Amino acid sequence: MIGQETRDVERKITAILKILSDAQAPMGSRLISGLLEEQGIYLGERAVRYHLKIMDERGLTRSAGHKDGRTILGPGLEELRNSLVTDKIGFVGSRIERLAYQTNVGLRSGTGRIPVDVSLFTHDEFPAALKIMKSVFAAGLSSSSLVALAGEGNNLGGIVVPAGQVGLATVCNVAVNGCLLKSGIPAYARFGGLLQIKEWQPFRFVDLVEFSGSTIEPSDIFIAGRMTSVIHAATDGHGKVLAGYHEIPMLSFNRADELLQRMRSSGLISQAFLARPGEKICEIPFNHEKAGLVSLSGLNAAAAVAESGMAVSNHAMCGLLDVSRLRPFVELL
């Protein structure tokens with residue numbers, strides 16, 4: 001059996017590998033230590049260097065040739081996929097909670113940072129992708145009509161856009177959780193799923209993945225599996241789109257409803273559907289003590305592009321972006 005001390009080391013190595021896998025450039029021990037602290041893992045620079053040495057010896061990472069900067073290697077990526085799966089259960093739910101807590105957008109001032117999803121397109125195909133996404137935004141099937149654009153080499157929500165590609169940031173529906181939390185309303189993210197649209201209205205969830213029990217972001221599963229039909233939903237009013245289901249305390253319903261209206265007025269969300277306690281919403285069984293909330297995903301436009309056969313790489317809930325960088329999608333056309 002693996003001893004507790006060994007498991008602790010493996011957990012820390014896994015956390016460092018995850019940081020390196022998300023990075024677009026070599027990272028040193030100081031930066032890694034700071035990012036670990038954001039996850040509640042307290043390792044000083046010296047301790048991080050010790051773990052990096054172990055990882056180098058295993059062939060998981062290598063020195064970038066300056067100071068203590070490291071890059072992750074193929075075996076490191078494989079180790080990250082396979083290691084300590086039980087520790088990764090609930091990873092998505094934890095990420096939602098962290099991003100919600102870090103959200104600090106002011107609805108009146110229009111300032112602050114908000115969670116985003118980032119999609120990467122090839123530079124040559126991006127004009128055609130815009131035409132496909134146009135119908136999705138026009139139909140109000142994205143979490144928000146606001147987006148941000150970045151060219152190669154620029155940082156977008158923590159993602160550095162690779163050479164030959166264009167990055168598009170869309171407002172992540174975790175923004176709803178963050179704004180609710182900022183107003184003193186806790187929102188519990190329960191499921192990510194496929195929401196059936198019927199006659200232009202949300203009808204029912206046909207597939208669900210529980211955030212607290214998942215190691216993979218649900219939208220990745222549904223997009224990769226070609227399970228969405230966002231294009232049909234946007235053009236014909238019938239299809240399957242990405243959405244999340246959340247719950248809030250019964251007593252906060254009126255305040256939450258008011259806040260959602262303000263978010264719509266500011267353009268931060270396109271649509272969100274709130275059900276009173278005891279009311280069923282999109283075929284989700286009701287809880288007498290909770291109000292149900294359905295919010296559309298910011299990756300629905302990218303899902304439509306994937307449906308068309310174009311290459312698109314998605315990074316759900318990748319980080320935060322200053323609201324000042326957002327602008328209406330129609331300005332890209």
# chains A, B, ... in the order shown; residues from 1 in each chain; ligands from 1

$ residues_around --residues "Leu80 in chain A" --least-positions-apart "4" --cutoff "12 Å" --atoms "only C-alpha atoms" --output "CSV table (one decimal) with C-alpha atoms, in the first residue's frame"
chain,number,residue,atom,x,y,z
A,10,GLU,CA,2.0,12.5,-5.4
A,11,ARG,CA,-0.9,15.0,-4.9
A,12,LYS,CA,1.5,17.9,-4.9
A,13,ILE,CA,3.2,16.6,-8.0
A,14,THR,CA,-0.1,16.2,-9.7
A,15,ALA,CA,-1.1,19.8,-8.8
A,16,ILE,CA,2.2,21.1,-10.2
A,17,LEU,CA,1.8,19.1,-13.4
A,18,LYS,CA,-1.7,20.6,-13.8
A,19,ILE,CA,-0.3,24.1,-13.5
A,20,LEU,CA,2.4,23.3,-16.0
A,21,SER,CA,0.0,21.7,-18.4
A,22,ASP,CA,-2.2,24.9,-18.4
A,55,MET,CA,9.6,15.3,-11.7
A,60,LEU,CA,7.8,14.2,-16.4
A,61,THR,CA,9.3,17.7,-16.8
A,72,ILE,CA,5.8,19.5,-19.0
A,73,LEU,CA,6.7,16.6,-21.2
A,74,GLY,CA,4.6,13.9,-22.8
A,75,PRO,CA,5.0,11.4,-19.9
A,76,GLY,CA,4.0,14.2,-17.5
A,84,LEU,CA,-5.0,9.9,-8.3
A,85,VAL,CA,-8.4,9.9,-10.0
A,87,ASP,CA,-8.5,13.1,-5.8
A,88,LYS,CA,-9.8,14.6,-9.0
A,215,THR,CA,-13.2,14.9,-13.2

$ residues_around --residues "Lys131 in chain A" --least-positions-apart "2" --cutoff "12 Å" --atoms "only C-alpha atoms" --output "PyMOL selection string"
chain A and resi 125-129+133-138+231+301-302+304-305+308+329-330+332-333

$ residues_around --residues "Thr71 in chain A" --least-positions-apart "3" --cutoff "8 Å" --atoms "only C-alpha atoms" --output "VMD selection string"
chain A and resid 20 25 to 27 61 to 64

$ write_last_selection --atoms "N, CA and C atoms" --output "tab-separated table (two decimals), in the first residue's frame"
chain	number	residue	atom	x	y	z
A	20	LEU	N	1.57	23.30	-14.86
A	20	LEU	CA	2.45	23.33	-16.02
A	20	LEU	C	1.70	23.00	-17.31
A	25	ALA	N	4.04	28.83	-21.34
A	25	ALA	CA	5.45	29.16	-21.31
A	25	ALA	C	6.06	28.50	-20.07
A	26	PRO	N	7.40	28.32	-20.05
A	26	PRO	CA	8.04	27.73	-18.87
A	26	PRO	C	7.71	28.53	-17.61
A	27	MET	N	7.56	27.80	-16.50
A	27	MET	CA	7.22	28.43	-15.24
A	27	MET	C	8.24	28.08	-14.18
A	61	THR	N	9.04	16.32	-16.47
A	61	THR	CA	9.30	17.72	-16.81
A	61	THR	C	10.76	17.87	-17.21
A	62	ARG	N	11.08	19.05	-17.73
A	62	ARG	CA	12.48	19.35	-18.01
A	62	ARG	C	12.72	20.84	-17.82
A	63	SER	N	13.98	21.16	-17.54
A	63	SER	CA	14.37	22.55	-17.34
A	63	SER	C	14.33	23.28	-18.68
A	64	ALA	N	13.87	24.52	-18.63
A	64	ALA	CA	13.79	25.33	-19.84
A	64	ALA	C	15.12	26.01	-20.15

$ select_by_dssp --residues "range 11-57 of chain A" --states "helix (DSSP H, G or I)" --output "PyMOL selection string"
chain A and resi 11-22+29-38+45-57

$ residues_around --residues "range 169-182 of chain A" --least-positions-apart "2" --cutoff "7 Å" --atoms "only C-alpha atoms" --output "PyMOL selection string"
chain A and resi 96+100-101+103+114-119+143-144+146-149+156+167+184-187+256+295-298+317

$ closest_residue --among "A:Val92, A:Met250, A:Leu268, A:Ala23" --to "Gly213 in chain A" --atoms "only C-alpha atoms"
A:Val92

$ residues_around --residues "Arg98 in chain A" --least-positions-apart "4" --cutoff "9 Å" --atoms "only C-alpha atoms" --output "NGL selection string"
:A and (38-39 or 93-94 or 102-103)

$ residues_around --residues "range 43-51 of chain A" --least-positions-apart "4" --cutoff "6 Å" --atoms "only C-alpha atoms" --output "CSV table (one decimal) with C-alpha atoms, in the first residue's frame"
chain,number,residue,atom,x,y,z
A,29,SER,CA,9.1,27.9,-8.6
A,30,ARG,CA,8.0,31.3,-7.4
A,33,SER,CA,4.2,28.4,-5.5

$ closest_residue --among "A:Ser183, A:Gly278, A:Leu320, A:Gly110" --to "Leu259 in chain A" --atoms "only C-alpha atoms"
A:Ser183

$ select_by_dssp --residues "range 297-329 of chain A" --states "strand (DSSP E)" --output "list in words"
Val312, Ser313, Asn314, His315, Ala316, Met317, Cys318, Gly319, Leu320, Leu321, Asp322, Arg327 and Pro328 of chain A

$ residues_around --residues "Glu307 in chain A" --least-positions-apart "5" --cutoff "10 Å" --atoms "only C-alpha atoms" --output "list of chain:residue names"
A:Ile132, A:Ile223, A:Ala224, A:Arg226, A:Met227, A:Thr228, A:Ser229, A:Val230, A:Ile231, A:Ala301, A:Ala302

$ atom_distance --atom1 "CA of Gly153 in chain A" --atom2 "CA of Leu99 in chain A"
24.2 Å

$ closest_residue --among "A:Ile269, A:Ile284, A:Val105, A:Ala291" --to "Pro328 in chain A" --atoms "only C-alpha atoms"
A:Ile269

$ atom_distance --atom1 "CA of Asp236 in chain A" --atom2 "CA of Arg262 in chain A"
29.0 Å

$ decode --residues "range 120-230 of chain A" --atoms "C-alpha atoms" --output "PDB file, in the first residue's frame"
ATOM      1  CA  LEU A 120      -9.250  28.783 -30.126  1.00  0.00           C
ATOM      2  CA  PHE A 121      -9.778  28.800 -33.900  1.00  0.00           C
ATOM      3  CA  THR A 122      -7.349  28.632 -36.792  1.00  0.00           C
ATOM      4  CA  HIS A 123      -6.770  32.056 -38.275  1.00  0.00           C
ATOM      5  CA  ASP A 124      -7.887  30.935 -41.749  1.00  0.00           C
ATOM      6  CA  GLU A 125     -11.176  29.416 -40.585  1.00  0.00           C
ATOM      7  CA  PHE A 126     -12.144  32.149 -38.122  1.00  0.00           C
ATOM      8  CA  PRO A 127     -14.163  34.271 -40.626  1.00  0.00           C
ATOM      9  CA  ALA A 128     -16.284  31.227 -41.480  1.00  0.00           C
ATOM     10  CA  ALA A 129     -16.628  30.395 -37.778  1.00  0.00           C
ATOM     11  CA  LEU A 130     -17.937  33.904 -37.113  1.00  0.00           C
ATOM     12  CA  LYS A 131     -20.743  33.372 -39.634  1.00  0.00           C
ATOM     13  CA  ILE A 132     -21.809  30.189 -37.841  1.00  0.00           C
ATOM     14  CA  MET A 133     -21.629  31.776 -34.400  1.00  0.00           C
ATOM     15  CA  LYS A 134     -23.665  34.781 -35.546  1.00  0.00           C
ATOM     16  CA  SER A 135     -26.939  32.823 -35.491  1.00  0.00           C
ATOM     17  CA  VAL A 136     -26.188  31.431 -32.010  1.00  0.00           C
ATOM     18  CA  PHE A 137     -25.677  34.876 -30.503  1.00  0.00           C
ATOM     19  CA  ALA A 138     -28.660  36.296 -32.402  1.00  0.00           C
ATOM     20  CA  ALA A 139     -30.873  33.562 -30.922  1.00  0.00           C
ATOM     21  CA  GLY A 140     -29.646  34.353 -27.397  1.00  0.00           C
ATOM     22  CA  LEU A 141     -28.238  30.861 -26.929  1.00  0.00           C
ATOM     23  CA  SER A 142     -24.902  31.958 -25.502  1.00  0.00           C
ATOM     24  CA  SER A 143     -24.537  32.870 -21.847  1.00  0.00           C
ATOM     25  CA  SER A 144     -23.930  36.479 -22.873  1.00  0.00           C
ATOM     26  CA  SER A 145     -23.660  38.560 -26.034  1.00  0.00           C
ATOM     27  CA  LEU A 146     -20.328  39.960 -24.807  1.00  0.00           C
ATOM     28  CA  VAL A 147     -17.017  38.544 -26.050  1.00  0.00           C
ATOM     29  CA  ALA A 148     -13.318  39.369 -26.220  1.00  0.00           C
ATOM     30  CA  LEU A 149     -10.927  38.684 -29.088  1.00  0.00           C
ATOM     31  CA  ALA A 150      -7.172  38.095 -29.019  1.00  0.00           C
ATOM     32  CA  GLY A 151      -4.550  37.256 -31.626  1.00  0.00           C
ATOM     33  CA  GLU A 152      -1.573  34.939 -31.377  1.00  0.00           C
ATOM     34  CA  GLY A 153       0.791  35.544 -28.475  1.00  0.00           C
ATOM     35  CA  ASN A 154      -1.786  37.439 -26.411  1.00  0.00           C
ATOM     36  CA  ASN A 155      -3.191  36.320 -23.070  1.00  0.00           C
ATOM     37  CA  LEU A 156      -6.910  35.703 -22.878  1.00  0.00           C
ATOM     38  CA  GLY A 157      -8.352  34.515 -19.572  1.00  0.00           C
ATOM     39  CA  GLY A 158      -5.080  32.826 -18.661  1.00  0.00           C
ATOM     40  CA  ILE A 159      -4.674  31.194 -22.090  1.00  0.00           C
ATOM     41  CA  VAL A 160      -1.882  32.393 -24.392  1.00  0.00           C
ATOM     42  CA  VAL A 161      -3.161  32.206 -27.982  1.00  0.00           C
ATOM     43  CA  PRO A 162      -0.841  29.916 -30.037  1.00  0.00           C
ATOM     44  CA  ALA A 163       0.704  30.936 -33.345  1.00  0.00           C
ATOM     45  CA  GLY A 164      -1.686  30.845 -36.291  1.00  0.00           C
ATOM     46  CA  GLN A 165      -4.777  30.919 -34.093  1.00  0.00           C
ATOM     47  CA  VAL A 166      -7.393  33.369 -32.847  1.00  0.00           C
ATOM     48  CA  GLY A 167      -8.806  33.300 -29.330  1.00  0.00           C
ATOM     49  CA  LEU A 168     -12.410  34.141 -28.471  1.00  0.00           C
ATOM     50  CA  ALA A 169     -13.460  34.587 -24.840  1.00  0.00           C
ATOM     51  CA  THR A 170     -17.135  34.216 -23.968  1.00  0.00           C
ATOM     52  CA  VAL A 171     -18.714  34.917 -20.591  1.00  0.00           C
ATOM     53  CA  CYS A 172     -18.820  31.694 -18.587  1.00  0.00           C
ATOM     54  CA  ASN A 173     -22.137  30.911 -16.901  1.00  0.00           C
ATOM     55  CA  VAL A 174     -20.205  30.680 -13.619  1.00  0.00           C
ATOM     56  CA  ALA A 175     -20.532  34.480 -13.746  1.00  0.00           C
ATOM     57  CA  VAL A 176     -24.098  34.002 -12.507  1.00  0.00           C
ATOM     58  CA  ASN A 177     -22.826  32.102  -9.462  1.00  0.00           C
ATOM     59  CA  GLY A 178     -20.206  34.770  -8.833  1.00  0.00           C
ATOM     60  CA  CYS A 179     -22.597  37.716  -9.010  1.00  0.00           C
ATOM     61  CA  LEU A 180     -25.108  35.918  -6.794  1.00  0.00           C
ATOM     62  CA  LEU A 181     -22.393  35.141  -4.253  1.00  0.00           C
ATOM     63  CA  LYS A 182     -21.172  38.750  -4.325  1.00  0.00           C
ATOM     64  CA  SER A 183     -24.727  39.775  -3.403  1.00  0.00           C
ATOM     65  CA  GLY A 184     -24.814  37.330  -0.508  1.00  0.00           C
ATOM     66  CA  ILE A 185     -26.715  34.552  -2.299  1.00  0.00           C
ATOM     67  CA  PRO A 186     -24.952  31.170  -2.367  1.00  0.00           C
ATOM     68  CA  ALA A 187     -25.537  29.256  -5.592  1.00  0.00           C
ATOM     69  CA  TYR A 188     -24.836  25.527  -5.642  1.00  0.00           C
ATOM     70  CA  ALA A 189     -23.780  24.259  -9.091  1.00  0.00           C
ATOM     71  CA  ARG A 190     -25.302  20.789  -9.438  1.00  0.00           C
ATOM     72  CA  PHE A 191     -25.254  19.692 -13.085  1.00  0.00           C
ATOM     73  CA  GLY A 192     -23.920  20.493 -16.504  1.00  0.00           C
ATOM     74  CA  GLY A 193     -25.981  19.035 -19.299  1.00  0.00           C
ATOM     75  CA  LEU A 194     -27.688  19.057 -22.659  1.00  0.00           C
ATOM     76  CA  LEU A 195     -30.805  21.213 -22.632  1.00  0.00           C
ATOM     77  CA  GLN A 196     -33.418  20.450 -25.265  1.00  0.00           C
ATOM     78  CA  ILE A 197     -34.844  23.534 -26.963  1.00  0.00           C
ATOM     79  CA  LYS A 198     -38.376  23.125 -28.315  1.00  0.00           C
ATOM     80  CA  GLU A 199     -40.160  25.882 -30.220  1.00  0.00           C
ATOM     81  CA  TRP A 200     -37.415  28.310 -29.152  1.00  0.00           C
ATOM     82  CA  GLN A 201     -38.015  27.625 -25.443  1.00  0.00           C
ATOM     83  CA  PRO A 202     -36.083  25.482 -22.944  1.00  0.00           C
ATOM     84  CA  PHE A 203     -37.948  22.198 -22.623  1.00  0.00           C
ATOM     85  CA  ARG A 204     -35.985  19.603 -20.647  1.00  0.00           C
ATOM     86  CA  PHE A 205     -32.514  18.283 -19.887  1.00  0.00           C
ATOM     87  CA  VAL A 206     -31.787  15.110 -21.829  1.00  0.00           C
ATOM     88  CA  ASP A 207     -28.315  14.403 -20.389  1.00  0.00           C
ATOM     89  CA  LEU A 208     -26.720  15.496 -17.105  1.00  0.00           C
ATOM     90  CA  VAL A 209     -23.284  15.264 -15.484  1.00  0.00           C
ATOM     91  CA  GLU A 210     -23.023  16.073 -11.786  1.00  0.00           C
ATOM     92  CA  PHE A 211     -20.274  18.612 -11.142  1.00  0.00           C
ATOM     93  CA  SER A 212     -19.420  17.240  -7.699  1.00  0.00           C
ATOM     94  CA  GLY A 213     -18.715  13.764  -9.067  1.00  0.00           C
ATOM     95  CA  SER A 214     -16.891  14.627 -12.275  1.00  0.00           C
ATOM     96  CA  THR A 215     -13.221  14.946 -13.187  1.00  0.00           C
ATOM     97  CA  ILE A 216     -14.066  16.390 -16.626  1.00  0.00           C
ATOM     98  CA  GLU A 217     -15.969  19.553 -17.506  1.00  0.00           C
ATOM     99  CA  PRO A 218     -19.323  18.359 -18.963  1.00  0.00           C
ATOM    100  CA  SER A 219     -19.194  20.639 -22.010  1.00  0.00           C
ATOM    101  CA  ASP A 220     -15.950  18.920 -23.099  1.00  0.00           C
ATOM    102  CA  ILE A 221     -17.771  15.591 -23.126  1.00  0.00           C
ATOM    103  CA  PHE A 222     -20.797  16.820 -25.049  1.00  0.00           C
ATOM    104  CA  ILE A 223     -18.842  18.812 -27.645  1.00  0.00           C
ATOM    105  CA  ALA A 224     -16.257  16.068 -28.255  1.00  0.00           C
ATOM    106  CA  GLY A 225     -19.049  13.510 -28.554  1.00  0.00           C
ATOM    107  CA  ARG A 226     -20.908  15.655 -31.119  1.00  0.00           C
ATOM    108  CA  MET A 227     -23.974  15.436 -28.882  1.00  0.00           C
ATOM    109  CA  THR A 228     -25.096  19.042 -29.341  1.00  0.00           C
ATOM    110  CA  SER A 229     -27.319  20.453 -32.085  1.00  0.00           C
ATOM    111  CA  VAL A 230     -26.865  24.144 -31.387  1.00  0.00           C
TER     112      VAL A 230
END
